[in-house]
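Data block below; observations after.
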Amino acid sequence: MKQYVAIALIGILWAGCAKDAPFLSGIIRRAKDAAITPCDPYNDGAKHTCVVFNPLFSNHLVAYDASFSEMVLAPIRYFPLKIPVGNATVDLVAIKTKPNESVPFMLALDASGKIFVVRTAPSDDKKISSFAKPKEIDIGDPSPYKMAAYLSGNKIHVFVTFPEGKKIRIIELNAQTGERENNIVKMLGAKPSHIAIDDDLLHAVISDEEDNNLHVQNLTTSAWSDVGAGTFTGEVSFAKRDLGKGSKLYALALSKKDSAIVLVDIDASTHETAKLNEKPTALYFPKDSQVSCCGGLKAWAQVATIQGNITYLDLTGGVLKEKEIVDAKVRKYMNVGHLRIGQMIGGSIIKDTKSEHELGCERKIYYTVISASSRETGYGAPVEVEAQGVSCEGELPRRLGAKKED
């Protein structure tokens with residue numbers, strides 16, 4: 001395709017040291033966050049999947065075209081495109097939609113109290129291109145923490161948490177222009193933290209770092225309720241799954257306080273807790289059971305822990321059981337001395353029907369990776385990590401851009 005020559009030149013520029021170094025080395029570096037979103041990266045009507053990364057200590061985002069396994073390039077085609085945002089991006093999110101709907105934006109949350117509305121497809125009149133300078137929305141409060149968003153009709157509904165203020169904001173944006181149309185405040189819990197929205201766009205769940213409950217909103221009626229989790233919780237994932245008791249709504253959440261993971265049956269208001277050997281840093285809860293792992297296991301999830309290990313969990317019957325622990329640092333996986341997996345995001349990758357590029361699998365997981373401090377791991381001095389991770393769902397990660405080793 002038209003970017004091949006540019007990619008070859010970039011490969012020469014980035015080659016660095018080892019001949020097997022991934023071509024992304026040194027470009028994304030330590031990513032604080034990432035989001036998977038539909039995109040039209042070159043404004044030519046293509047339907048692709050992009051993974052947008054937030055490099056640490058920068059005022060820009062970079063995009064990886066997952067449908068072609070390469071960086072999205074700037075107009076001159078010699079360097080990756082830089083998407084200007086604030087100096088302190090704390091969260092990136094794709095906007096959830098129903099299967100037959102789309103929205104041409106994703107969102108970046110800045111610690112200054114702004115949302116950057118990032119265009120992922122050109123405007124209808126083609127006057128504004130994909131990944132052009134984002135629109136800035138002032139949300140009225142500094143120090144926001146996490147965000148989630150979904151499309152309903154012609155409005156984008158955005159949840160933003162403010163843990164220190166014991167509150168959230170619910171913001172409405174115009175789905176065509178990205179302009180703010182409403183902004184309300186709700187006091188919630190003791191320290192509201194992470195947010196997740198189910199794929200049917202019927203419920204939102206918010207974890208709490210100083211309350212043993214999850215806070216759940218019915219998005220149809222706007223009613224709120226609390227469901228017991230048995231511990232303080234942080235990162236949370238939300239899905240309707242059949243774990244052996246019929247299709248039910250489950251939340252899977254991390255408890256860093258207790259070094260544990262909690263599975264909450266929202267419908268029955270019950271929970272199961274499993275202790276981990278290490279402090280958890282990230283989780284991945286598949287949205288369906290089409291892909292198995294660990295010898296054919298259908299009801300599963302995975303958790304990353306502080307020393308670079310990945311723990312696979314058996315969720316069969318709604319009961320948490322440890323299935324397998326794998327060291328992701330070893331050569332055939334990430335090949336990194338010390339690392340901390342900060343995030344695991346995944347989903348279906350759109351294949352470009354006009355291209356012969358093979359994806360390898362339909363559903364993938366992307367890992368944001370930063371160097372782990374010696375205080376966190378107990379292993380000597382920290383090192384700079386210049387790689388991110390990728391895997392097919394149900395498999396172990398390798399460095400993004402590197403060839404898979406047997």
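If you're wondering about the labels, chains in the structure tokens are A, B, ... by order shown, residues count from 1 in each chain, ligands from 1 in order shown.
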
| task | Write out as number ranges by chain the residues lying within 9 Å of Ser112 of chain A, counting only C-alpha atoms and excluding same-chain residues fewer than 4 positions away. | result | A: 86-89, 138, 141-144

| said: Applying 8 Å and only C-alpha atoms, which residues near Phe285 of chain A remain after dropping the ones on its own chain fewer than 3 positions away? List them as a ChimeraX atom specification. | reply: /A:237-239,252,300-302

Include N, CA and C atoms and write out the residues we just selected as a tab-separated table (two decimals), in the first residue's frame.
```tsv
chain	number	residue	atom	x	y	z
A	237	SER	N	-14.56	-4.00	34.97
A	237	SER	CA	-15.07	-4.34	33.65
A	237	SER	C	-16.48	-4.89	33.82
A	238	PHE	N	-17.29	-4.76	32.78
A	238	PHE	CA	-18.73	-4.99	32.91
A	238	PHE	C	-19.22	-5.72	31.67
A	239	ALA	N	-19.90	-6.85	31.83
A	239	ALA	CA	-20.37	-7.59	30.65
A	239	ALA	C	-21.51	-8.52	31.01
A	252	LEU	N	-16.45	-7.34	36.99
A	252	LEU	CA	-15.19	-7.90	37.49
A	252	LEU	C	-14.32	-6.71	37.88
A	300	TRP	N	-13.52	-17.26	31.27
A	300	TRP	CA	-12.20	-16.92	31.77
A	300	TRP	C	-12.01	-15.40	31.81
A	301	ALA	N	-10.98	-15.01	32.52
A	301	ALA	CA	-10.53	-13.63	32.56
A	301	ALA	C	-9.04	-13.66	32.87
A	302	GLN	N	-8.37	-12.52	32.70
A	302	GLN	CA	-6.94	-12.47	33.03
A	302	GLN	C	-6.63	-11.20	33.80
```

| How would you write, as a PyMOL selection string, the set of residues in segment 197-406 of chain A that DSSP gives as alpha helix (DSSP H)? | chain A and resi 374-377

Could you save the residues just selected, with N, CA and C atoms, as a PDB file, in the first residue's frame?
```pdb
ATOM      1  N   SER A 374      11.879  -0.184  41.195  1.00  0.00           N
ATOM      2  CA  SER A 374      12.439  -1.185  42.107  1.00  0.00           C
ATOM      3  C   SER A 374      11.620  -1.272  43.380  1.00  0.00           C
ATOM      4  N   ARG A 375      11.014  -0.156  43.796  1.00  0.00           N
ATOM      5  CA  ARG A 375      10.168  -0.171  44.986  1.00  0.00           C
ATOM      6  C   ARG A 375       8.948  -1.074  44.775  1.00  0.00           C
ATOM      7  N   GLU A 376       8.427  -1.070  43.535  1.00  0.00           N
ATOM      8  CA  GLU A 376       7.249  -1.886  43.237  1.00  0.00           C
ATOM      9  C   GLU A 376       7.590  -3.372  43.146  1.00  0.00           C
ATOM     10  N   THR A 377       8.697  -3.678  42.477  1.00  0.00           N
ATOM     11  CA  THR A 377       8.981  -5.077  42.177  1.00  0.00           C
ATOM     12  C   THR A 377       9.991  -5.725  43.110  1.00  0.00           C
TER      13      THR A 377
END
```

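Put simply, atom CA of Arg180 of chain A is 10.1 Å away from atom CA of Ile115 of chain A.
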
| task | Report the distance between atom CA of Asp44 of chain A and atom CA of Thr353 of chain A in Å, rounded to one decimal place. | result |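 It comes out at 13.6 Å.
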
| request: Work out how far atom CA of Pro280 of chain A is from atom CA of Lys321 of chain A, in Å to one decimal. | output: 15.6 Å

| message | For Val216 of chain A, find every residue with an atom within 12 Å (counting only C-alpha atoms), except residues of its own chain fewer than 5 positions away, and show them as a count of residues only. | response | 33

| task | Write down as an MDAnalysis selection string the residues belonging to segment 78-186 of chain A that are assigned strand (DSSP E or B) by DSSP computed on the backbone. | result | chainID A and resid 80 83:84 89:94 96 105:110 114:119 135:138 147:152 155:162 167:174 180:186

| task | Write out as a list in words the residues lying within 9 Å of Lys351 of chain A, counting only C-alpha atoms and excluding same-chain residues fewer than 3 positions away. | result | Lys47, His48, Thr49, Ala66, Ser67, Phe68, Lys354, Ser355, His357, Glu358, Leu359 and Glu362 of chain A

| task | Measuring atom to atom with only C-alpha atoms, identify which of A:Asn43, A:Asn54, A:Thr270, A:Ser247 is nearest to Arg30 of chain A. | result |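 That would be A:Asn54, the residue with the smallest distance to Arg30 of chain A.
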